[in-house]
>>> print(open('coords_7.cif').read())   # mmCIF, N, CA and C atoms
data_run
#
loop_
_atom_site.label_atom_id
_atom_site.label_comp_id
_atom_site.auth_asym_id
_atom_site.auth_seq_id
_atom_site.Cartn_x
_atom_site.Cartn_y
_atom_site.Cartn_z
N MET R 237 0.82 -1.19 0.00
CA MET R 237 0.00 0.00 0.00
C MET R 237 0.87 1.26 0.00
N LYS R 238 1.93 1.23 0.83
CA LYS R 238 2.83 2.36 0.90
C LYS R 238 3.53 2.60 -0.44
N LYS R 239 3.90 1.51 -1.09
CA LYS R 239 4.58 1.59 -2.38
C LYS R 239 3.65 2.21 -3.44
N ILE R 240 2.39 1.82 -3.45
CA ILE R 240 1.41 2.37 -4.40
C ILE R 240 1.20 3.86 -4.13
N LEU R 241 1.15 4.25 -2.87
CA LEU R 241 0.98 5.65 -2.50
C LEU R 241 2.18 6.48 -2.97
N MET R 242 3.38 5.97 -2.78
CA MET R 242 4.60 6.67 -3.21
C MET R 242 4.65 6.81 -4.73
N ILE R 243 4.28 5.76 -5.43
CA ILE R 243 4.25 5.81 -6.90
C ILE R 243 3.21 6.83 -7.37
N SER R 244 2.06 6.83 -6.74
CA SER R 244 0.99 7.78 -7.09
C SER R 244 1.44 9.22 -6.85
N ILE R 245 2.08 9.47 -5.71
CA ILE R 245 2.56 10.82 -5.40
C ILE R 245 3.62 11.25 -6.41
N SER R 246 4.53 10.34 -6.73
CA SER R 246 5.58 10.64 -7.71
C SER R 246 4.97 10.98 -9.08
N PHE R 247 3.97 10.21 -9.47
CA PHE R 247 3.29 10.44 -10.75
C PHE R 247 2.61 11.81 -10.76
N ILE R 248 1.92 12.15 -9.68
CA ILE R 248 1.21 13.44 -9.58
C ILE R 248 2.20 14.60 -9.62
N ILE R 249 3.29 14.50 -8.89
CA ILE R 249 4.29 15.56 -8.89
C ILE R 249 4.90 15.73 -10.27
N THR R 250 5.22 14.64 -10.94
CA THR R 250 5.77 14.70 -12.29
C THR R 250 4.78 15.34 -13.25
N ALA R 251 3.52 14.96 -13.16
CA ALA R 251 2.48 15.52 -14.03
C ALA R 251 2.33 17.02 -13.79
N LEU R 252 2.29 17.44 -12.53
CA LEU R 252 2.18 18.87 -12.21
C LEU R 252 3.38 19.65 -12.72
N PHE R 253 4.58 19.07 -12.57
CA PHE R 253 5.78 19.71 -13.06
C PHE R 253 5.73 19.89 -14.58
N ALA R 254 5.31 18.85 -15.29
CA ALA R 254 5.22 18.91 -16.75
C ALA R 254 4.20 19.95 -17.20
N VAL R 255 3.07 20.00 -16.56
CA VAL R 255 2.03 20.99 -16.89
C VAL R 255 2.54 22.39 -16.61
N GLY R 256 3.21 22.58 -15.49
CA GLY R 256 3.74 23.89 -15.13
C GLY R 256 4.77 24.38 -16.11
N CYS R 257 5.66 23.52 -16.55
CA CYS R 257 6.70 23.90 -17.51
C CYS R 257 6.11 24.23 -18.87
N SER R 258 5.16 23.46 -19.33
CA SER R 258 4.60 23.71 -20.66
C SER R 258 3.74 24.96 -20.68
N SER R 259 3.04 25.25 -19.62
CA SER R 259 2.17 26.42 -19.62
C SER R 259 2.95 27.71 -19.47
N LYS R 260 4.16 27.66 -18.90
CA LYS R 260 4.98 28.85 -18.74
C LYS R 260 5.30 29.46 -20.10
N GLY R 261 5.68 28.64 -21.08
CA GLY R 261 5.97 29.13 -22.42
C GLY R 261 4.74 29.75 -23.06
N ASP R 262 3.58 29.13 -22.87
CA ASP R 262 2.35 29.68 -23.43
C ASP R 262 2.02 31.03 -22.82
N VAL R 263 2.22 31.16 -21.50
CA VAL R 263 1.96 32.43 -20.82
C VAL R 263 2.90 33.50 -21.34
N GLN R 264 4.19 33.16 -21.51
CA GLN R 264 5.15 34.13 -22.03
C GLN R 264 4.78 34.57 -23.43
N LYS R 265 4.37 33.62 -24.27
CA LYS R 265 3.98 33.95 -25.63
C LYS R 265 2.74 34.84 -25.62
N PHE R 266 1.76 34.52 -24.77
CA PHE R 266 0.56 35.34 -24.66
C PHE R 266 0.93 36.74 -24.22
N ASN R 267 1.81 36.86 -23.23
CA ASN R 267 2.23 38.18 -22.77
C ASN R 267 2.94 38.95 -23.88
N MET R 268 3.74 38.26 -24.69
CA MET R 268 4.42 38.92 -25.80
C MET R 268 3.39 39.51 -26.76
N TYR R 269 2.36 38.73 -27.08
CA TYR R 269 1.33 39.22 -27.99
C TYR R 269 0.57 40.40 -27.38
N GLU R 270 0.29 40.29 -26.09
CA GLU R 270 -0.44 41.35 -25.40
C GLU R 270 0.39 42.64 -25.37
N ILE R 271 1.68 42.52 -25.08
CA ILE R 271 2.58 43.67 -25.05
C ILE R 271 2.70 44.28 -26.45
N ALA R 272 2.84 43.44 -27.47
CA ALA R 272 2.96 43.93 -28.84
C ALA R 272 1.69 44.63 -29.30
N LEU R 273 0.54 44.07 -28.98
CA LEU R 273 -0.72 44.68 -29.38
C LEU R 273 -0.91 46.04 -28.71
N LYS R 274 -0.55 46.12 -27.45
CA LYS R 274 -0.67 47.40 -26.72
C LYS R 274 0.21 48.46 -27.38
N GLU R 275 1.43 48.10 -27.73
CA GLU R 275 2.35 49.05 -28.39
C GLU R 275 1.85 49.39 -29.79
N ALA R 276 1.32 48.42 -30.52
CA ALA R 276 0.79 48.67 -31.86
C ALA R 276 -0.37 49.66 -31.81
N LYS R 277 -1.26 49.47 -30.84
CA LYS R 277 -2.40 50.39 -30.69
C LYS R 277 -1.91 51.80 -30.35
N LYS R 278 -0.89 51.88 -29.50
CA LYS R 278 -0.34 53.18 -29.11
C LYS R 278 0.25 53.90 -30.33
N ILE R 279 1.06 53.19 -31.09
CA ILE R 279 1.68 53.78 -32.28
C ILE R 279 0.61 54.18 -33.29
N ALA R 280 -0.35 53.30 -33.53
CA ALA R 280 -1.42 53.60 -34.48
C ALA R 280 -2.17 54.86 -34.07
N SER R 281 -2.46 54.98 -32.80
CA SER R 281 -3.17 56.15 -32.29
C SER R 281 -2.34 57.42 -32.46
N GLU R 282 -1.07 57.35 -32.09
CA GLU R 282 -0.19 58.52 -32.17
C GLU R 282 0.05 58.96 -33.61
N GLN R 283 0.15 58.01 -34.54
CA GLN R 283 0.50 58.32 -35.92
C GLN R 283 -0.71 58.44 -36.85
N GLY R 284 -1.90 58.17 -36.34
CA GLY R 284 -3.10 58.28 -37.16
C GLY R 284 -3.32 57.09 -38.09
N TYR R 285 -2.81 55.92 -37.73
CA TYR R 285 -3.00 54.71 -38.53
C TYR R 285 -4.20 53.94 -38.01
N THR R 286 -4.66 53.00 -38.82
CA THR R 286 -5.73 52.10 -38.42
C THR R 286 -5.24 50.67 -38.60
N LEU R 287 -5.27 49.90 -37.51
CA LEU R 287 -4.89 48.49 -37.61
C LEU R 287 -6.00 47.76 -38.36
N LYS R 288 -5.64 47.04 -39.41
CA LYS R 288 -6.63 46.29 -40.18
C LYS R 288 -7.22 45.17 -39.34
N SER R 289 -6.39 44.57 -38.51
CA SER R 289 -6.82 43.47 -37.66
C SER R 289 -5.89 43.41 -36.45
N GLU R 290 -6.40 42.87 -35.37
CA GLU R 290 -5.55 42.67 -34.21
C GLU R 290 -4.85 41.32 -34.27
N ASN R 291 -5.11 40.56 -35.34
CA ASN R 291 -4.39 39.31 -35.55
C ASN R 291 -3.00 39.67 -36.05
N LEU R 292 -2.05 38.85 -35.71
CA LEU R 292 -0.69 39.18 -36.08
C LEU R 292 0.02 37.99 -36.66
N THR R 293 1.16 38.30 -37.27
CA THR R 293 2.06 37.25 -37.70
C THR R 293 3.36 37.46 -36.93
N GLU R 294 4.09 36.41 -36.72
CA GLU R 294 5.32 36.47 -35.94
C GLU R 294 6.42 35.78 -36.72
N SER R 295 7.61 36.37 -36.70
CA SER R 295 8.73 35.74 -37.37
C SER R 295 10.02 36.05 -36.63
N ASP R 296 10.99 35.20 -36.86
CA ASP R 296 12.33 35.47 -36.33
C ASP R 296 12.99 36.47 -37.27
N ILE R 297 13.94 37.23 -36.74
CA ILE R 297 14.69 38.12 -37.62
C ILE R 297 16.17 37.78 -37.52
N LEU R 298 16.88 38.17 -38.54
CA LEU R 298 18.32 37.93 -38.56
C LEU R 298 18.99 39.00 -37.72
N ILE R 299 19.91 38.58 -36.86
CA ILE R 299 20.65 39.56 -36.07
C ILE R 299 22.13 39.40 -36.35
N GLY R 300 22.89 40.33 -35.89
CA GLY R 300 24.33 40.28 -36.12
C GLY R 300 24.71 41.17 -37.28
N ASP R 301 25.32 40.60 -38.30
CA ASP R 301 25.82 41.38 -39.43
C ASP R 301 24.78 41.60 -40.52
N SER R 302 23.56 41.22 -40.27
CA SER R 302 22.53 41.31 -41.28
C SER R 302 22.22 42.76 -41.66
N ASP R 303 22.21 43.05 -42.95
CA ASP R 303 21.83 44.39 -43.43
C ASP R 303 20.38 44.69 -43.09
N VAL R 304 19.53 43.68 -43.12
CA VAL R 304 18.12 43.87 -42.79
C VAL R 304 17.98 44.29 -41.33
N PHE R 305 18.73 43.64 -40.46
CA PHE R 305 18.69 44.00 -39.05
C PHE R 305 19.17 45.44 -38.84
N GLU R 306 20.17 45.86 -39.57
CA GLU R 306 20.66 47.25 -39.47
C GLU R 306 19.57 48.24 -39.90
N LEU R 307 18.84 47.92 -40.98
CA LEU R 307 17.73 48.78 -41.41
C LEU R 307 16.65 48.85 -40.33
N ILE R 308 16.33 47.70 -39.75
CA ILE R 308 15.32 47.63 -38.69
C ILE R 308 15.78 48.46 -37.49
N LYS R 309 17.01 48.27 -37.09
CA LYS R 309 17.56 48.99 -35.94
C LYS R 309 17.54 50.50 -36.19
N ASN R 310 18.03 50.93 -37.34
CA ASN R 310 18.09 52.36 -37.65
C ASN R 310 16.71 52.99 -37.72
N ALA R 311 15.76 52.30 -38.34
CA ALA R 311 14.39 52.83 -38.43
C ALA R 311 13.77 52.92 -37.04
N SER R 312 14.04 51.94 -36.19
CA SER R 312 13.50 51.95 -34.83
C SER R 312 14.09 53.09 -34.01
N ILE R 313 15.38 53.29 -34.12
CA ILE R 313 16.04 54.37 -33.38
C ILE R 313 15.54 55.72 -33.87
N GLU R 314 15.40 55.87 -35.19
CA GLU R 314 14.86 57.12 -35.75
C GLU R 314 13.43 57.36 -35.28
N GLY R 315 12.71 56.29 -35.03
CA GLY R 315 11.33 56.39 -34.54
C GLY R 315 11.21 56.60 -33.05
N GLY R 316 12.35 56.69 -32.34
CA GLY R 316 12.30 57.03 -30.93
C GLY R 316 12.66 55.93 -29.95
N TYR R 317 13.05 54.76 -30.45
CA TYR R 317 13.45 53.67 -29.55
C TYR R 317 14.94 53.80 -29.22
N SER R 318 15.35 53.23 -28.11
CA SER R 318 16.71 53.37 -27.60
C SER R 318 17.69 52.45 -28.33
N GLU R 319 18.83 53.02 -28.68
CA GLU R 319 19.88 52.22 -29.31
C GLU R 319 20.44 51.19 -28.32
N GLU R 320 20.40 51.53 -27.03
CA GLU R 320 20.89 50.61 -26.00
C GLU R 320 20.15 49.28 -26.02
N ASN R 321 18.85 49.31 -26.33
CA ASN R 321 18.07 48.07 -26.39
C ASN R 321 18.61 47.12 -27.45
N PHE R 322 19.15 47.67 -28.52
CA PHE R 322 19.64 46.83 -29.61
C PHE R 322 21.05 46.30 -29.36
N LYS R 323 21.76 46.89 -28.41
CA LYS R 323 23.12 46.43 -28.11
C LYS R 323 23.11 45.14 -27.30
N SER R 324 21.99 44.86 -26.64
CA SER R 324 21.94 43.68 -25.78
C SER R 324 20.84 42.71 -26.18
N VAL R 325 20.55 42.61 -27.48
CA VAL R 325 19.48 41.71 -27.91
C VAL R 325 19.87 40.26 -27.65
N THR R 326 18.86 39.45 -27.39
CA THR R 326 19.08 38.03 -27.14
C THR R 326 18.80 37.24 -28.43
N LYS R 327 18.93 35.97 -28.34
CA LYS R 327 18.60 35.10 -29.48
C LYS R 327 17.09 34.90 -29.59
N ASN R 328 16.33 35.48 -28.68
CA ASN R 328 14.89 35.30 -28.61
C ASN R 328 14.13 36.43 -29.29
N ILE R 329 14.76 37.19 -30.12
CA ILE R 329 14.15 38.37 -30.72
C ILE R 329 13.14 37.93 -31.80
N LYS R 330 11.99 38.58 -31.80
CA LYS R 330 10.92 38.29 -32.77
C LYS R 330 10.43 39.59 -33.38
N VAL R 331 9.86 39.48 -34.55
CA VAL R 331 9.14 40.60 -35.16
C VAL R 331 7.67 40.21 -35.23
N VAL R 332 6.83 41.08 -34.71
CA VAL R 332 5.40 40.87 -34.72
C VAL R 332 4.81 41.91 -35.66
N GLU R 333 3.98 41.47 -36.61
CA GLU R 333 3.48 42.38 -37.65
C GLU R 333 1.96 42.51 -37.59
N TYR R 334 1.51 43.76 -37.80
CA TYR R 334 0.08 44.05 -37.91
C TYR R 334 -0.13 44.79 -39.22
N GLU R 335 -1.05 44.30 -40.03
CA GLU R 335 -1.35 45.00 -41.29
C GLU R 335 -2.18 46.24 -40.99
N LEU R 336 -1.87 47.33 -41.69
CA LEU R 336 -2.60 48.58 -41.54
C LEU R 336 -3.66 48.72 -42.63
N GLU R 337 -4.68 49.51 -42.37
CA GLU R 337 -5.69 49.83 -43.40
C GLU R 337 -5.05 50.67 -44.50
N GLU R 338 -4.08 51.49 -44.13
CA GLU R 338 -3.40 52.33 -45.10
C GLU R 338 -2.67 51.46 -46.12
N LYS R 339 -2.59 51.94 -47.35
CA LYS R 339 -1.97 51.17 -48.42
C LYS R 339 -0.76 51.91 -48.98
N SER R 340 0.12 51.15 -49.58
CA SER R 340 1.29 51.69 -50.23
C SER R 340 0.89 52.32 -51.57
N LYS R 341 1.58 53.37 -51.97
CA LYS R 341 1.31 53.99 -53.28
C LYS R 341 1.58 53.00 -54.42
N PHE R 342 2.43 52.04 -54.17
CA PHE R 342 2.81 51.07 -55.19
C PHE R 342 1.73 50.01 -55.32
N LYS R 343 0.84 50.19 -56.27
CA LYS R 343 -0.21 49.21 -56.59
C LYS R 343 -1.07 48.81 -55.39
N ASP R 344 -1.35 49.76 -54.52
CA ASP R 344 -2.19 49.48 -53.33
C ASP R 344 -1.70 48.29 -52.50
N MET R 345 -0.41 48.13 -52.43
CA MET R 345 0.17 47.02 -51.66
C MET R 345 0.03 47.30 -50.16
N PRO R 346 0.05 46.25 -49.35
CA PRO R 346 -0.13 46.44 -47.90
C PRO R 346 1.06 47.13 -47.24
N VAL R 347 0.75 47.80 -46.15
CA VAL R 347 1.76 48.37 -45.26
C VAL R 347 1.56 47.71 -43.91
N THR R 348 2.64 47.24 -43.31
CA THR R 348 2.53 46.61 -42.00
C THR R 348 3.33 47.39 -40.97
N LEU R 349 2.76 47.42 -39.77
CA LEU R 349 3.44 47.97 -38.61
C LEU R 349 4.13 46.79 -37.94
N CYS R 350 5.45 46.86 -37.84
CA CYS R 350 6.23 45.75 -37.30
C CYS R 350 6.85 46.16 -35.97
N LEU R 351 6.74 45.29 -35.00
CA LEU R 351 7.29 45.55 -33.67
C LEU R 351 8.37 44.53 -33.38
N VAL R 352 9.51 45.01 -32.89
CA VAL R 352 10.62 44.15 -32.53
C VAL R 352 10.50 43.85 -31.04
N VAL R 353 10.30 42.57 -30.71
CA VAL R 353 10.08 42.17 -29.32
C VAL R 353 11.26 41.31 -28.88
N ASP R 354 11.83 41.67 -27.72
CA ASP R 354 12.95 40.93 -27.17
C ASP R 354 12.74 40.77 -25.67
N GLU R 355 12.72 39.52 -25.21
CA GLU R 355 12.57 39.24 -23.79
C GLU R 355 11.37 39.95 -23.16
N GLY R 356 10.24 39.90 -23.82
CA GLY R 356 9.01 40.41 -23.24
C GLY R 356 8.82 41.91 -23.29
N LYS R 357 9.64 42.62 -24.08
CA LYS R 357 9.41 44.05 -24.22
C LYS R 357 9.64 44.46 -25.67
N VAL R 358 8.95 45.51 -26.08
CA VAL R 358 9.11 46.04 -27.43
C VAL R 358 10.34 46.93 -27.41
N ILE R 359 11.33 46.62 -28.24
CA ILE R 359 12.55 47.42 -28.28
C ILE R 359 12.65 48.26 -29.54
N GLY R 360 11.73 48.03 -30.49
CA GLY R 360 11.76 48.79 -31.73
C GLY R 360 10.49 48.61 -32.52
N ALA R 361 10.29 49.48 -33.50
CA ALA R 361 9.13 49.39 -34.38
C ALA R 361 9.47 50.08 -35.70
N TYR R 362 8.84 49.61 -36.77
CA TYR R 362 9.07 50.21 -38.09
C TYR R 362 7.89 49.88 -38.99
N LEU R 363 7.82 50.56 -40.11
CA LEU R 363 6.81 50.27 -41.13
C LEU R 363 7.47 49.44 -42.23
N ASP R 364 6.72 48.51 -42.79
CA ASP R 364 7.19 47.69 -43.90
C ASP R 364 6.27 47.94 -45.08
N TYR R 365 6.82 48.57 -46.12
CA TYR R 365 6.05 48.92 -47.31
C TYR R 365 6.27 47.86 -48.38
N SER R 366 5.22 47.13 -48.74
CA SER R 366 5.35 46.15 -49.82
C SER R 366 5.57 46.88 -51.14
N GLY R 367 6.47 46.35 -51.93
CA GLY R 367 6.71 46.91 -53.26
C GLY R 367 7.82 47.94 -53.33
N TYR R 368 8.38 48.35 -52.21
CA TYR R 368 9.44 49.35 -52.21
C TYR R 368 10.74 48.71 -51.76
N MET R 369 11.85 49.27 -52.23
CA MET R 369 13.16 48.78 -51.84
C MET R 369 13.99 49.95 -51.40
N PRO R 370 14.53 50.07 -50.21
CA PRO R 370 14.20 49.19 -49.10
C PRO R 370 12.80 49.48 -48.58
N SER R 371 12.19 48.50 -48.01
CA SER R 371 10.80 48.63 -47.59
C SER R 371 10.65 49.03 -46.13
N ILE R 372 11.75 49.15 -45.41
CA ILE R 372 11.71 49.44 -43.97
C ILE R 372 11.88 50.93 -43.74
N ALA R 373 10.96 51.52 -42.97
CA ALA R 373 11.00 52.95 -42.67
C ALA R 373 10.54 53.19 -41.24
N PRO R 374 10.91 54.34 -40.64
CA PRO R 374 10.45 54.64 -39.29
C PRO R 374 8.93 54.71 -39.21
N VAL R 375 8.39 54.55 -38.00
CA VAL R 375 6.94 54.50 -37.83
C VAL R 375 6.24 55.79 -38.24
N ASP R 376 6.95 56.90 -38.27
CA ASP R 376 6.30 58.16 -38.63
C ASP R 376 6.48 58.54 -40.11
N PHE R 377 7.08 57.65 -40.91
CA PHE R 377 7.30 57.95 -42.33
C PHE R 377 6.06 57.59 -43.13
N LYS R 378 5.45 58.60 -43.73
CA LYS R 378 4.21 58.39 -44.47
C LYS R 378 4.36 58.67 -45.96
N GLY R 379 5.60 58.83 -46.40
CA GLY R 379 5.87 59.19 -47.78
C GLY R 379 5.42 58.18 -48.82
N ASN R 380 5.33 56.93 -48.47
CA ASN R 380 4.91 55.90 -49.44
C ASN R 380 3.46 55.50 -49.30
N PHE R 381 2.69 56.23 -48.44
CA PHE R 381 1.26 55.92 -48.30
C PHE R 381 0.50 56.42 -49.51
N LYS R 382 -0.51 55.66 -49.90
CA LYS R 382 -1.37 56.06 -51.02
C LYS R 382 -2.09 57.34 -50.69
N GLN R 383 -2.70 57.41 -49.51
CA GLN R 383 -3.42 58.61 -49.09
C GLN R 383 -2.78 59.12 -47.81
N LEU R 384 -2.36 60.35 -47.83
CA LEU R 384 -1.74 60.91 -46.63
C LEU R 384 -2.77 61.63 -45.78
#
>>> encode(input="coords_7.cif", output="structure tokens")
Amino acid sequence: MKKILMISISFIITALFAVGCSSKGDVQKFNMYEIALKEAKKIASEQGYTLKSENLTESDILIGDSDVFELIKNASIEGGYSEENFKSVTKNIKVVEYELEEKSKFKDMPVTLCLVVDEGKVIGAYLDYSGYMPSIAPVDFKGNFKQL
């Protein structure tokens, strides 16, 4: 009887530990989305943009010597984010994108508001204009919008 009780307790503890570990990642991911959405709404409000949807896409970005990362960093800094945040980025950096109602002058292509998230905080943001090269610009750049 004692052996069955010990096995049962061990099983319950293991199960609780497994559930706790798996849900921690989900909570962190949810918080990342919540933090990104809050920042996206703030930027949209300040800049006069309209988020097409609160649904987002998420992707990893290249860091280090990447020219794309340099464009992202420079556009974010020009938009008011701290350069210090980019000096200590982790390998966990993500870009979260929200499509805007505003369209690009180039064949009505989409414009997305992109937020750079690292370790649970937004460290940068930029606009991504489809059809333009380079397509990355600071959040306040409206030169490629169809309607200003």
>>> residues_around(input="coords_7.cif", residues="Asp364 in chain R", least_positions_apart="3", cutoff="8 Å", atoms="all atoms listed in the file", output="ChimeraX atom specification")
/R:346-350,361,367-368,370-375
>>> closest_residue(input="coords_7.cif", among="R:Glu335, R:Lys278, R:Leu363, R:Tyr269", to="Ala311 in chain R", atoms="only N, CA and C atoms")
R:Leu363
>>> select_by_dssp(input="coords_7.cif", residues="range 252-377 of chain R", states="strand (DSSP E)", output="PyMOL selection string")
chain R and resi 293-296+330-339+346-354+357-365+372-373
>>> closest_residue(input="coords_7.cif", among="R:Asn380, R:Ser302, R:Ser318, R:Thr326", to="Gly360 in chain R", atoms="only N, CA and C atoms")
R:Ser318
>>> closest_residue(input="coords_7.cif", among="R:Ile308, R:Gln283, R:Glu319, R:Asn291", to="Asp376 in chain R", atoms="only N, CA and C atoms")
R:Gln283
>>> atom_distance(input="coords_7.cif", atom1="CA of Leu273 in chain R", atom2="atom N of Lys343 in chain R")
27.5 Å
>>> atom_distance(input="coords_7.cif", atom1="CA of Ile279 in chain R", atom2="CA of Val353 in chain R")
14.6 Å
>>> select_by_dssp(input="coords_7.cif", residues="range 251-374 of chain R", states="helix (DSSP H, G or I)", output="number ranges by chain")
R: 251-283, 303-314, 319-323
>>> resolve_selection(input="coords_7.cif", expression="the PyMOL selection byres ((chain R and resi 340) around 6.5)", output="PDB file with N, CA and C atoms, in the frame of the given file")
ATOM      1  N   GLU R 338      -4.080  51.490 -44.130  1.00  0.00           N
ATOM      2  CA  GLU R 338      -3.400  52.330 -45.100  1.00  0.00           C
ATOM      3  C   GLU R 338      -2.670  51.460 -46.120  1.00  0.00           C
ATOM      4  N   LYS R 339      -2.590  51.940 -47.350  1.00  0.00           N
ATOM      5  CA  LYS R 339      -1.970  51.170 -48.420  1.00  0.00           C
ATOM      6  C   LYS R 339      -0.760  51.910 -48.980  1.00  0.00           C
ATOM      7  N   LYS R 341       1.580  53.370 -51.970  1.00  0.00           N
ATOM      8  CA  LYS R 341       1.310  53.990 -53.280  1.00  0.00           C
ATOM      9  C   LYS R 341       1.580  53.000 -54.420  1.00  0.00           C
ATOM     10  N   PHE R 342       2.430  52.040 -54.170  1.00  0.00           N
ATOM     11  CA  PHE R 342       2.810  51.070 -55.190  1.00  0.00           C
ATOM     12  C   PHE R 342       1.730  50.010 -55.320  1.00  0.00           C
ATOM     13  N   LYS R 343       0.840  50.190 -56.270  1.00  0.00           N
ATOM     14  CA  LYS R 343      -0.210  49.210 -56.590  1.00  0.00           C
ATOM     15  C   LYS R 343      -1.070  48.810 -55.390  1.00  0.00           C
ATOM     16  N   ASP R 344      -1.350  49.760 -54.520  1.00  0.00           N
ATOM     17  CA  ASP R 344      -2.190  49.480 -53.330  1.00  0.00           C
ATOM     18  C   ASP R 344      -1.700  48.290 -52.500  1.00  0.00           C
ATOM     19  N   MET R 345      -0.410  48.130 -52.430  1.00  0.00           N
ATOM     20  CA  MET R 345       0.170  47.020 -51.660  1.00  0.00           C
ATOM     21  C   MET R 345       0.030  47.300 -50.160  1.00  0.00           C
ATOM     22  N   PRO R 346       0.050  46.250 -49.350  1.00  0.00           N
ATOM     23  CA  PRO R 346      -0.130  46.440 -47.900  1.00  0.00           C
ATOM     24  C   PRO R 346       1.060  47.130 -47.240  1.00  0.00           C
ATOM     25  N   VAL R 347       0.750  47.800 -46.150  1.00  0.00           N
ATOM     26  CA  VAL R 347       1.760  48.370 -45.260  1.00  0.00           C
ATOM     27  C   VAL R 347       1.560  47.710 -43.910  1.00  0.00           C
ATOM     28  N   TYR R 365       6.820  48.570 -46.120  1.00  0.00           N
ATOM     29  CA  TYR R 365       6.050  48.920 -47.310  1.00  0.00           C
ATOM     30  C   TYR R 365       6.270  47.860 -48.380  1.00  0.00           C
ATOM     31  N   SER R 366       5.220  47.130 -48.740  1.00  0.00           N
ATOM     32  CA  SER R 366       5.350  46.150 -49.820  1.00  0.00           C
ATOM     33  C   SER R 366       5.570  46.880 -51.140  1.00  0.00           C
ATOM     34  N   ASN R 380       5.330  56.930 -48.470  1.00  0.00           N
ATOM     35  CA  ASN R 380       4.910  55.900 -49.440  1.00  0.00           C
ATOM     36  C   ASN R 380       3.460  55.500 -49.300  1.00  0.00           C
ATOM     37  N   PHE R 381       2.690  56.230 -48.440  1.00  0.00           N
ATOM     38  CA  PHE R 381       1.260  55.920 -48.300  1.00  0.00           C
ATOM     39  C   PHE R 381       0.500  56.420 -49.510  1.00  0.00           C
ATOM     40  N   LYS R 382      -0.510  55.660 -49.900  1.00  0.00           N
ATOM     41  CA  LYS R 382      -1.370  56.060 -51.020  1.00  0.00           C
ATOM     42  C   LYS R 382      -2.090  57.340 -50.690  1.00  0.00           C
TER      43      LYS R 382
END
>>> residues_around(input="coords_7.cif", residues="Val332 in chain R", least_positions_apart="2", cutoff="8 Å", atoms="only C-alpha atoms", output="list in words")
Ala272, Leu292, Thr293, Glu294, Ser295, Lys330, Tyr334, Cys350, Leu351, Val352 and Val353 of chain R
>>> atom_distance(input="coords_7.cif", atom1="CA of Met268 in chain R", atom2="CA of Gly356 in chain R")
5.5 Å
>>> closest_residue(input="coords_7.cif", among="R:Val304, R:Leu287, R:Ile313, R:Val325", to="Glu337 in chain R", atoms="all atoms listed in the file")
R:Leu287
>>> axis_aligned_box(input="coords_7.cif", around="range 269-273 of chain R", padding_each_side="8 Å", output="lines of an AutoDock Vina configuration file")
center_x = 1.0
center_y = 42.4
center_z = -27.2
size_x = 19.9
size_y = 23.3
size_z = 20.3
>>> closest_residue(input="coords_7.cif", among="R:Lys357, R:Glu270, R:Ser324, R:Tyr362", to="Lys378 in chain R", atoms="only C-alpha atoms")
R:Tyr362
